[in-house]
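This report refers to the structure that appears directly beneath it.
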Amino acid sequence: MISSEDFRKALRHFPAGVTIVTVKGGGKVHGLTVSAFASVSAEPPLIMVIIENRHHAYTLLEEAEAVFAVNILGQDHSELSNRFAWVKDEDRFAMGNWTTSATGAPILVDALAWLDCRIHARYPAGSHTIYVGAVEASCVPQEEAPPLVYWNRGYRKLHLHEEEPPK
């Protein structure tokens with residue numbers, strides 16, 4: 001088996017979108033930067049996020065009535081992403097324009113898109129837990145804005161290649 005260092009070294013070469021996952025559980029709210037996010041099913045609409053078991057969000061997501069939202073970030077959200085990744089003692093929600101939707105989990109008003117979810121299933125996976133969310137509401141506030149991308153230990157900008165017309 002490879003070391004966790006070698007594992008991380010290999011995976012840093014896979015580009016990922018960046019999200020802020022917000023959680024409401026046990027009467028508390030919390031948020032964290034997450035790149036381990038994917039769609040699962042269109043019918044019914046299901047998504048998944050993967051959260052480390054040592055993280056504060058894990059405790060809230062284990063509450064019976066816990067809900068979460070995935071806020072997909074645009075390339076102008078790098079400062080907000082860093083805040084939700086690294087700020088420990090301050091209110092992470094002091095920056096950004098936040099509201100709520102169907103479940104009551106915090107929603108970033110100017111996200112590229114957001115998905116508001118109830119927990120459909122929980123699956124233990126090593127040091128993490130996979131949370132499958134049933135999407136209750138969604139919105140695409142910035143349909144054409146470029147996403148925030150994380151690759152090789154840094155934020156990157158997406159460059160779209162123009163296709164040349166056939167000759």
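Every chain in the structure tokens takes a letter, A first, then B, and so on in the order presented; its residues are numbered from 1, and the ligands are numbered from 1 following the presented order.
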Task: Selection: 10 Å around A:Gly31, only C-alpha atoms, excl. self and same-chain fewer than 4 positions, as a PyMOL selection string - done: chain A and resi 20-24+56-57+68-70+83-85+91-93+105-106
Open item on the list: Can you tell me, as a ChimeraX atom specification, which residues in stretch 18-158 of chain A count as strand (DSSP E or B) by DSSP?
Closed with: /A:19-25,28-34,37-42,45-52,67-72,74,98-100,106-108,113-125,128-139,147,149-151,154-156
Output C-alpha atoms for every residue in the selection just made, as a compact mmCIF listing (two decimals), in the first residue's frame.
# COMPACT_ATOMS: atom_id res chain seq x y z
CA THR A 19 -17.33 24.56 -3.06
CA ILE A 20 -18.33 25.81 0.34
CA VAL A 21 -20.45 23.20 2.07
CA THR A 22 -22.67 24.73 4.73
CA VAL A 23 -24.25 22.60 7.43
CA LYS A 24 -27.14 23.12 9.80
CA GLY A 25 -27.39 20.54 12.57
CA LYS A 28 -25.85 25.23 14.86
CA VAL A 29 -24.47 26.26 11.48
CA HIS A 30 -20.99 25.73 10.10
CA GLY A 31 -19.28 25.89 6.74
CA LEU A 32 -16.12 24.53 5.16
CA THR A 33 -14.32 24.54 1.84
CA VAL A 34 -14.74 21.23 0.03
CA PHE A 37 -18.15 16.90 -4.30
CA ALA A 38 -19.91 15.11 -7.16
CA SER A 39 -23.28 14.45 -8.70
CA VAL A 40 -24.73 10.99 -8.04
CA SER A 41 -28.11 10.80 -9.77
CA ALA A 42 -30.39 13.03 -11.84
CA PRO A 45 -31.50 14.42 -7.86
CA LEU A 46 -28.70 13.27 -5.54
CA ILE A 47 -25.22 14.65 -4.86
CA MET A 48 -22.40 13.64 -2.53
CA VAL A 49 -19.83 15.39 -0.39
CA ILE A 50 -17.01 13.74 1.52
CA ILE A 51 -16.10 15.11 4.95
CA GLU A 52 -13.22 14.15 7.24
CA VAL A 67 -29.09 19.41 6.38
CA PHE A 68 -26.43 20.86 4.09
CA ALA A 69 -25.96 23.04 1.04
CA VAL A 70 -23.24 22.98 -1.58
CA ASN A 71 -22.27 26.42 -2.87
CA ILE A 72 -20.26 26.19 -6.10
CA GLY A 74 -16.64 31.27 -9.00
CA TRP A 98 -25.77 34.60 2.89
CA THR A 99 -29.42 33.58 2.95
CA THR A 100 -31.33 30.29 3.30
CA PRO A 106 -26.80 28.80 4.56
CA ILE A 107 -26.79 29.66 0.85
CA LEU A 108 -24.23 31.98 -0.81
CA ALA A 113 -24.81 27.67 -8.34
CA TRP A 114 -26.07 26.11 -5.12
CA LEU A 115 -27.81 22.91 -4.12
CA ASP A 116 -29.78 22.69 -0.86
CA CYS A 117 -30.01 19.13 0.52
CA ARG A 118 -31.42 16.79 3.10
CA ILE A 119 -29.23 13.83 3.99
CA HIS A 120 -30.27 10.79 1.96
CA ALA A 121 -27.51 8.42 3.17
CA ARG A 122 -24.24 8.28 5.13
CA TYR A 123 -21.40 5.90 4.26
CA PRO A 124 -18.22 5.49 6.33
CA ALA A 125 -15.10 5.54 4.15
CA HIS A 128 -13.99 10.25 6.04
CA THR A 129 -17.75 9.91 5.61
CA ILE A 130 -19.62 10.13 2.32
CA TYR A 131 -22.84 12.12 2.66
CA VAL A 132 -25.38 11.66 -0.11
CA GLY A 133 -27.75 14.59 -0.30
CA ALA A 134 -31.26 14.63 -1.75
CA VAL A 135 -31.50 18.00 -3.49
CA GLU A 136 -34.52 19.94 -2.23
CA ALA A 137 -33.77 23.24 -4.03
CA SER A 138 -31.16 24.69 -6.36
CA CYS A 139 -30.37 27.89 -8.22
CA PRO A 147 -15.58 28.51 -11.77
CA VAL A 149 -10.59 25.59 -9.85
CA TYR A 150 -8.02 24.00 -7.53
CA TRP A 151 -5.06 22.14 -9.04
CA GLY A 154 -3.31 26.37 -5.90
CA TYR A 155 -6.30 28.14 -7.43
CA ARG A 156 -6.35 28.27 -11.20
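Picture a line from atom CA of A:Pro44 to atom CA of A:Asp110; it runs 25.9 Å.
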Open item on the list: Which residues are near A:Gln75? Cut-off 7 Å, only C-alpha atoms, ignore same chain within fewer than 6 positions. Put them as a list in words.
Closed with: Pro146, Pro147, Leu148 and Lys157 of chain A
Include N, CA and C atoms and write out the residues we just selected as a compact mmCIF listing (two decimals), in the first residue's frame.
# COMPACT_ATOMS: atom_id res chain seq x y z
N PRO A 146 -17.00 32.11 -14.72
CA PRO A 146 -16.06 30.98 -14.66
C PRO A 146 -15.93 30.44 -13.23
N PRO A 147 -15.67 29.13 -13.09
CA PRO A 147 -15.58 28.51 -11.77
C PRO A 147 -14.21 28.73 -11.12
N LEU A 148 -14.18 28.56 -9.81
CA LEU A 148 -12.92 28.50 -9.08
C LEU A 148 -12.42 27.07 -9.19
N LYS A 157 -7.28 29.50 -13.05
CA LYS A 157 -8.36 30.06 -13.86
C LYS A 157 -8.58 29.13 -15.04
Task: A:Leu11 surroundings by only C-alpha atoms, 12 Å radius, close-in-sequence under 2 positions cut, as a list of chain:residue names - done: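 Near A:Leu11, the qualifying residues are A:Ser4, A:Glu5, A:Asp6, A:Phe7, A:Arg8, A:Lys9, A:His13, A:Phe14, A:Pro15, A:Ala16, A:Ser35, A:Ala36, A:Tyr150, A:Trp151, A:Asn152, A:Arg153.
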If DSSP is run on the backbone, what residues of stretch 82-158 of chain A are alpha helix (DSSP H)? A reply as an mmCIF file with all heavy atoms, in the first residue's frame would be ideal.
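For reference, states.cif as written:
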data_model
loop_
_atom_site.group_PDB
_atom_site.id
_atom_site.type_symbol
_atom_site.label_atom_id
_atom_site.label_comp_id
_atom_site.auth_asym_id
_atom_site.auth_seq_id
_atom_site.Cartn_x
_atom_site.Cartn_y
_atom_site.Cartn_z
ATOM 1 N N ASN A 82 -10.689 30.541 1.001
ATOM 2 C CA ASN A 82 -9.631 30.493 2.017
ATOM 3 C C ASN A 82 -10.189 30.731 3.416
ATOM 4 O O ASN A 82 -9.764 30.087 4.376
ATOM 5 C CB ASN A 82 -8.538 31.521 1.711
ATOM 6 C CG ASN A 82 -7.657 31.091 0.576
ATOM 7 O OD1 ASN A 82 -7.516 29.905 0.285
ATOM 8 N ND2 ASN A 82 -7.061 32.055 -0.106
ATOM 9 N N ARG A 83 -11.121 31.648 3.536
ATOM 10 C CA ARG A 83 -11.731 31.933 4.844
ATOM 11 C C ARG A 83 -12.391 30.677 5.416
ATOM 12 O O ARG A 83 -12.222 30.345 6.580
ATOM 13 C CB ARG A 83 -12.746 33.069 4.702
ATOM 14 C CG ARG A 83 -13.425 33.454 5.998
ATOM 15 C CD ARG A 83 -14.394 34.619 5.781
ATOM 16 N NE ARG A 83 -14.914 35.063 7.039
ATOM 17 C CZ ARG A 83 -14.326 35.931 7.841
ATOM 18 N NH1 ARG A 83 -13.167 36.460 7.502
ATOM 19 N NH2 ARG A 83 -14.893 36.277 8.978
ATOM 20 N N PHE A 84 -13.144 29.961 4.584
ATOM 21 C CA PHE A 84 -13.850 28.775 5.063
ATOM 22 C C PHE A 84 -12.922 27.569 5.212
ATOM 23 O O PHE A 84 -13.279 26.590 5.849
ATOM 24 C CB PHE A 84 -15.044 28.459 4.165
ATOM 25 C CG PHE A 84 -16.261 29.265 4.517
ATOM 26 C CD1 PHE A 84 -16.374 30.590 4.120
ATOM 27 C CD2 PHE A 84 -17.281 28.714 5.274
ATOM 28 C CE1 PHE A 84 -17.487 31.342 4.457
ATOM 29 C CE2 PHE A 84 -18.394 29.451 5.625
ATOM 30 C CZ PHE A 84 -18.499 30.780 5.212
ATOM 31 N N ALA A 85 -11.720 27.658 4.643
ATOM 32 C CA ALA A 85 -10.740 26.585 4.806
ATOM 33 C C ALA A 85 -9.877 26.786 6.037
ATOM 34 O O ALA A 85 -9.476 25.819 6.683
ATOM 35 C CB ALA A 85 -9.852 26.497 3.564
ATOM 36 N N TRP A 86 -9.579 28.049 6.397
ATOM 37 C CA TRP A 86 -8.540 28.292 7.397
ATOM 38 C C TRP A 86 -8.983 29.059 8.637
ATOM 39 O O TRP A 86 -8.349 28.928 9.679
ATOM 40 C CB TRP A 86 -7.362 29.033 6.754
ATOM 41 C CG TRP A 86 -6.818 28.285 5.589
ATOM 42 C CD1 TRP A 86 -6.863 28.649 4.274
ATOM 43 C CD2 TRP A 86 -6.165 27.015 5.612
ATOM 44 N NE1 TRP A 86 -6.280 27.697 3.485
ATOM 45 C CE2 TRP A 86 -5.833 26.677 4.289
ATOM 46 C CE3 TRP A 86 -5.815 26.132 6.631
ATOM 47 C CZ2 TRP A 86 -5.186 25.502 3.955
ATOM 48 C CZ3 TRP A 86 -5.164 24.963 6.295
ATOM 49 C CH2 TRP A 86 -4.863 24.656 4.965
#
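Nearest to A:Gly27 of all the residues A:Gly104, A:Pro141, A:Gly96, A:Gly126 is A:Gly104, based on only C-alpha atoms.
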Task: Distance of atom CA of A:Val18 from atom CA of A:Ser81, expressed in Å to one decimal place - done: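 Atom-to-atom, atom CA of A:Ser81 and atom CA of A:Val18 are spaced 7.7 Å apart.
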